[in-house]
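Some notes on the structure that comes next.
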Amino acid sequence: MQFRDLQKQYQTLKPEIDQAISQVLTAGTFISGQQVTELEAQLAAYTGAKHCITCANGTDALTLALMVLQIGPGDAVFVPDFTFFASGETPAYEGAVPIFVDVEEETFNMSPNSLEQAIRKVKKEGKLIPKVIIAVDLFGQPANYPEIRKIADQYGLLILEDGAQGFGGRIGEQKACSFGDISTTSFFPAKPLGCYGDGGAIFTDHEDWASLLRSYRVHGKGTDKYDNVRIGVNSRLDTLQAAVLQVKLKAFQEYELEAVNRVAERYAHKLKDLVRIPRVPQNFYSSWAQYSILLENEEKRNGLQAHLKEQGIPSMIYYPKPMSQQTAFQDMDCVKVDLSVTKNLCRRVLALPLHPYMEEAEQDRVIAEIQRFLKG
Ligand SMILES: *Cc1c(COP(=O)(O)O)cnc(C)c1O
């Protein structure tokens with residue numbers, strides 16, 4: 001059994017993907033081909049953001065967004081303690097201090113209460129200037145933007161939505177990657193919308209920021225790439241990856257997102273009396289980058305993972321360590337508030353196999369083995 005079966009997806013989409021790749025090879029437009037521009041328009045239309053600027057990966061997308069927001073030394077950037085390293089790494093790389101904020105146990109996403117506490121503490125200390133909130137759409141579910149937006153407005157902060165895992169999620173009719181003043185995603189193969197290598201994108205409604213991003217990603221280009229008007233980077237999405245993503249975006253819209261939601265609903269239905277299942281608040285819709293359950297304690301979690309492994313069922317621990325405990329952040333004075341929910345989640349969380357192509361028989365085996373372990 002595969003944790004996320006990308007081969008099965010390829011077998012299903014093979015004729016279209018092979019054709020899309022072969023078109024790029026024939027045309028020879030490996031960098032900045034027309035597929036890149038087409039994909040950007042399709043992604044903007046899908047998310048509802050005015051502008052989409054693709055780039056080399058989701059980490060660069062965060063870095064480019066922080067460059068546009070002019071984040072640097074002396075700035076405080078608020079980041080959930082429970083996330084992938086890049087959410088905290090990128091503000092630190094710009095010289096700012098990531099201030100870690102606790103999450104809510106039921107949704108795994110940033111706690112608005114903890115966020116407000118952290119902002120107040122930083123303001124009171126007076127050493128750093130609070131600038132940006134990096135809200136992460138963890139495991140596919142949008143963060144609590146209605147509440148986070150109120151706090152951002154109250155304290156005069158901007159929101160950077162890290163939608164690396166959130167593409168396809170929504171609150172009401174509003175789609176992920178349109179909640180931030182600037183938003184990002186990743187097309188790493190295992191993400192909800194993945195390519196066949198690295199890829200990423202930035203979304204914004206701000207015309208000026210969009211032009212800045214188009215310049216930054218190609219060495220700070222001006223009218224052309226040999227006219228360099230600012231210091232930038234080299235971070236483009238390959239035409240080959242854009243061509244693959246065009247095919248995958250179509251499948252994602254037509255049936256994959258609904259299919260993965262059906263699999264998640266089935267897990268919820270069959271596991272709800274056995275373990276803590278993820279809560280999707282009313283009006284929220286997840287794209288299910290992960291299906292993460294909570295066990296009673298670390299011993300049970302590790303025991304279940306070992307049992308599943310013996311049965312040939314893969315599972316993953318996202319994340320085994322709070323960001324605030326990563327060695328790389330130890331000299332940075334990143335901790336201002338209580339982070340005990342995250343600490344507790346790291347001991348109890350376990351992600352189960354999940355993807356749009358998962359068959360009921362496969363899923364039943366996972367469920368049966370969880371039952372057997374917990375009841376036996
Ligand atoms: C995957 C991920 C990233 C980074 O994306 P890459 O494309 O791997 O650079 C950033 N933030 C979160 C929350 C992620 O899950």
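In the structure tokens, each chain is lettered A, B, ... as it comes, each chain's residues begin at 1, and ligands are numbered from 1 in order of appearance.
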
Please identify every polymer residue within 8 Å of ligand 1, using only C-alpha atoms and all ligand atoms, and present the set as a ChimeraX atom specification.
/A:56-62,83-87,136-139,162-165,185-188,191,198-200

What's the 10 Å shell around Pro320 in chain A, counting only C-alpha atoms, without same-chain residues fewer than 5 positions away, as a PDB file with N, CA and C atoms, in the first residue's frame?
```pdb
ATOM      1  N   PHE A  82       3.288  24.473  14.994  1.00  0.00           N
ATOM      2  CA  PHE A  82       3.020  23.146  14.435  1.00  0.00           C
ATOM      3  C   PHE A  82       2.895  23.310  12.925  1.00  0.00           C
ATOM      4  N   THR A 342       0.808  22.304  20.917  1.00  0.00           N
ATOM      5  CA  THR A 342       1.689  21.763  19.880  1.00  0.00           C
ATOM      6  C   THR A 342       2.546  20.614  20.420  1.00  0.00           C
ATOM      7  N   LYS A 343       3.119  20.837  21.598  1.00  0.00           N
ATOM      8  CA  LYS A 343       3.982  19.818  22.204  1.00  0.00           C
ATOM      9  C   LYS A 343       3.223  18.505  22.337  1.00  0.00           C
ATOM     10  N   LEU A 345       0.453  17.591  20.657  1.00  0.00           N
ATOM     11  CA  LEU A 345       0.103  17.033  19.336  1.00  0.00           C
ATOM     12  C   LEU A 345       1.260  16.230  18.754  1.00  0.00           C
ATOM     13  N   CYS A 346       2.471  16.739  18.906  1.00  0.00           N
ATOM     14  CA  CYS A 346       3.648  16.064  18.335  1.00  0.00           C
ATOM     15  C   CYS A 346       3.801  14.645  18.867  1.00  0.00           C
ATOM     16  N   ARG A 347       3.288  14.417  20.076  1.00  0.00           N
ATOM     17  CA  ARG A 347       3.411  13.076  20.678  1.00  0.00           C
ATOM     18  C   ARG A 347       2.281  12.142  20.246  1.00  0.00           C
ATOM     19  N   ARG A 348       1.166  12.737  19.804  1.00  0.00           N
ATOM     20  CA  ARG A 348      -0.039  11.911  19.619  1.00  0.00           C
ATOM     21  C   ARG A 348      -0.519  11.762  18.183  1.00  0.00           C
ATOM     22  N   VAL A 349       0.049  12.557  17.267  1.00  0.00           N
ATOM     23  CA  VAL A 349      -0.503  12.633  15.918  1.00  0.00           C
ATOM     24  C   VAL A 349       0.012  11.495  15.013  1.00  0.00           C
ATOM     25  N   LEU A 350      -0.837  11.025  14.122  1.00  0.00           N
ATOM     26  CA  LEU A 350      -0.417  10.025  13.139  1.00  0.00           C
ATOM     27  C   LEU A 350      -1.227  10.226  11.849  1.00  0.00           C
TER      28      LEU A 350
END
```

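The nearest approach to Pro146 in chain A among the residues A:Phe284, A:Glu207, A:Glu265, A:Cys52, with only C-alpha atoms taken into account, belongs to A:Phe284.
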
CA of Glu105 in chain A to CA of Leu308 in chain A, straight-line distance in Å
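Here the two named atoms are 23.9 Å from each other.
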
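Remark: for Ile99 in chain A, the closest of the candidate residues A:Met67, A:Leu213, A:Ile133, A:Ile148 is A:Ile133 (distances computed over only C-alpha atoms).
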
Can you tell me which residues surround range 247-257 of chain A at a distance of at most 8 Å, considering only C-alpha atoms, apart from same-chain residues fewer than 3 positions away, and format the answer as a VMD selection string?
chain A and resid 13 16 to 17 20 168 193 to 195 243 to 244 260 to 261 287 356 to 357

Just list as an MDAnalysis selection string whatever in range 124-339 of chain A DSSP marks as strand (DSSP E or B).
chainID A and resid 129:136 158:162 170:171 174:175 182:186 200:204 218 221 228 234 238 276 284:285 291:294 316 335

Find, counting only C-alpha atoms, the residue in A:Phe167, A:Phe78, A:Tyr155, A:Phe203 that gets nearest to Val335 in chain A.
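Between A:Phe167, A:Phe78, A:Tyr155, A:Phe203, the residue approaching Val335 in chain A most closely is A:Phe78.
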
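Using only C-alpha atoms, the smallest distance between any of A:Leu115, A:Leu39, A:Met358, A:Cys55 and Asp338 in chain A comes from A:Leu115.
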
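Taking CA of Ile293 in chain A and CA of Lys375 in chain A as the two end points, the separation is 16.4 Å.
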
Would you list the contacts of Val68 in chain A as a ChimeraX atom specification, taking every protein, DNA or RNA residue within 7 Å and counting only C-alpha atoms, but skipping same-chain residues closer than 4 positions in sequence?
/A:64,209,212

As an exercise, work out the distance from CA of Asn283 in chain A to CA of Gly140 in chain A in Å and give it to one decimal place.
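Atom-to-atom, CA of Asn283 in chain A and CA of Gly140 in chain A are spaced 14.3 Å apart.
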
I need the alpha helix (DSSP H) residues of range 217-263 of chain A per DSSP on the backbone, written as a list in words.
Thr239, Leu240, Gln241, Ala242, Ala243, Val244, Leu245, Gln246, Val247, Lys248, Leu249, Lys250, Ala251, Leu257, Glu258, Ala259, Val260, Asn261, Arg262 and Val263 of chain A

Select, from A:Phe108, A:Asp205, A:Arg365, A:Lys309, the residue with the minimum atom-to-atom distance to Ile277 in chain A, counting only C-alpha atoms.
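Residue with the minimum atom-to-atom distance to Ile277 in chain A: A:Phe108.
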
What lies within 9 Å of Phe329 in chain A using only C-alpha atoms, ignoring chain neighbours under 5 positions off, as a PDB file with N, CA and C atoms, in the first residue's frame?
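Saved the output as part.pdb:
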```
ATOM      1  N   GLY A  88       8.758  28.765   9.198  1.00  0.00           N
ATOM      2  CA  GLY A  88       9.548  29.548  10.147  1.00  0.00           C
ATOM      3  C   GLY A  88      10.935  29.880   9.608  1.00  0.00           C
ATOM      4  N   GLU A  89      11.428  29.013   8.758  1.00  0.00           N
ATOM      5  CA  GLU A  89      12.779  29.181   8.190  1.00  0.00           C
ATOM      6  C   GLU A  89      12.879  30.436   7.324  1.00  0.00           C
ATOM      7  N   ALA A  92      13.164  33.787   9.108  1.00  0.00           N
ATOM      8  CA  ALA A  92      14.478  33.829   9.761  1.00  0.00           C
ATOM      9  C   ALA A  92      15.579  34.077   8.724  1.00  0.00           C
ATOM     10  N   PRO A  98      11.111  34.702  13.801  1.00  0.00           N
ATOM     11  CA  PRO A  98       9.810  34.008  13.827  1.00  0.00           C
ATOM     12  C   PRO A  98       9.358  33.873  15.282  1.00  0.00           C
ATOM     13  N   MET A 323       8.208  23.551  16.088  1.00  0.00           N
ATOM     14  CA  MET A 323       9.200  24.453  15.475  1.00  0.00           C
ATOM     15  C   MET A 323      10.091  25.091  16.532  1.00  0.00           C
ATOM     16  N   SER A 324       9.456  25.495  17.655  1.00  0.00           N
ATOM     17  CA  SER A 324      10.196  26.204  18.703  1.00  0.00           C
ATOM     18  C   SER A 324      11.290  25.344  19.312  1.00  0.00           C
ATOM     19  N   CYS A 334      12.458  33.066  20.156  1.00  0.00           N
ATOM     20  CA  CYS A 334      11.231  32.939  19.366  1.00  0.00           C
ATOM     21  C   CYS A 334      10.008  32.627  20.217  1.00  0.00           C
TER      22      CYS A 334
END
```

Report as a PyMOL selection string all protein, DNA and RNA residues lying within 12 Å of Ala41 in chain A, evaluated on only C-alpha atoms, omitting residues in the same chain fewer than 2 positions from it.
chain A and resi 34-39+43-54+201+203+242+246

Residues near range 29-31 of chain A, cut-off 12 Å, only C-alpha atoms, skip fewer than 6 positions along chain, as a list in words
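Here the answer would be Ile21, Ser22, Gln23, Thr37, Cys55, Ala56, Val218, Asn234, Ser235, Arg236, Leu237, Asp238, Thr239, Leu240, Gln241, Ala242 and Ala243 of chain A.
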
Selection above as a file: C-alpha atoms, as a PDB file, in the first residue's frame:
```pdb
ATOM      1  CA  ILE A  21       5.399  16.624 -21.798  1.00  0.00           C
ATOM      2  CA  SER A  22       6.105  15.662 -25.364  1.00  0.00           C
ATOM      3  CA  GLN A  23       4.709  18.994 -26.616  1.00  0.00           C
ATOM      4  CA  THR A  37       1.616  31.840 -18.492  1.00  0.00           C
ATOM      5  CA  CYS A  55       8.196  30.043  -8.988  1.00  0.00           C
ATOM      6  CA  ALA A  56      10.617  27.192  -8.304  1.00  0.00           C
ATOM      7  CA  VAL A 218      14.136  36.623 -12.740  1.00  0.00           C
ATOM      8  CA  ASN A 234      16.437  32.837 -10.051  1.00  0.00           C
ATOM      9  CA  SER A 235      13.193  31.077  -9.191  1.00  0.00           C
ATOM     10  CA  ARG A 236      11.004  30.014 -12.094  1.00  0.00           C
ATOM     11  CA  LEU A 237       8.618  27.131 -12.618  1.00  0.00           C
ATOM     12  CA  ASP A 238       9.892  24.875 -15.455  1.00  0.00           C
ATOM     13  CA  THR A 239       7.662  24.713 -18.530  1.00  0.00           C
ATOM     14  CA  LEU A 240       7.629  20.899 -18.182  1.00  0.00           C
ATOM     15  CA  GLN A 241       6.198  21.206 -14.670  1.00  0.00           C
ATOM     16  CA  ALA A 242       3.625  23.765 -15.825  1.00  0.00           C
ATOM     17  CA  ALA A 243       2.510  21.386 -18.585  1.00  0.00           C
TER      18      ALA A 243
END
```

Please determine, counting only C-alpha atoms, which residue among A:Val97, A:Ile317, A:Val132, A:Ala143 has the shortest atom-to-atom distance to Gly169 in chain A.
A:Ala143
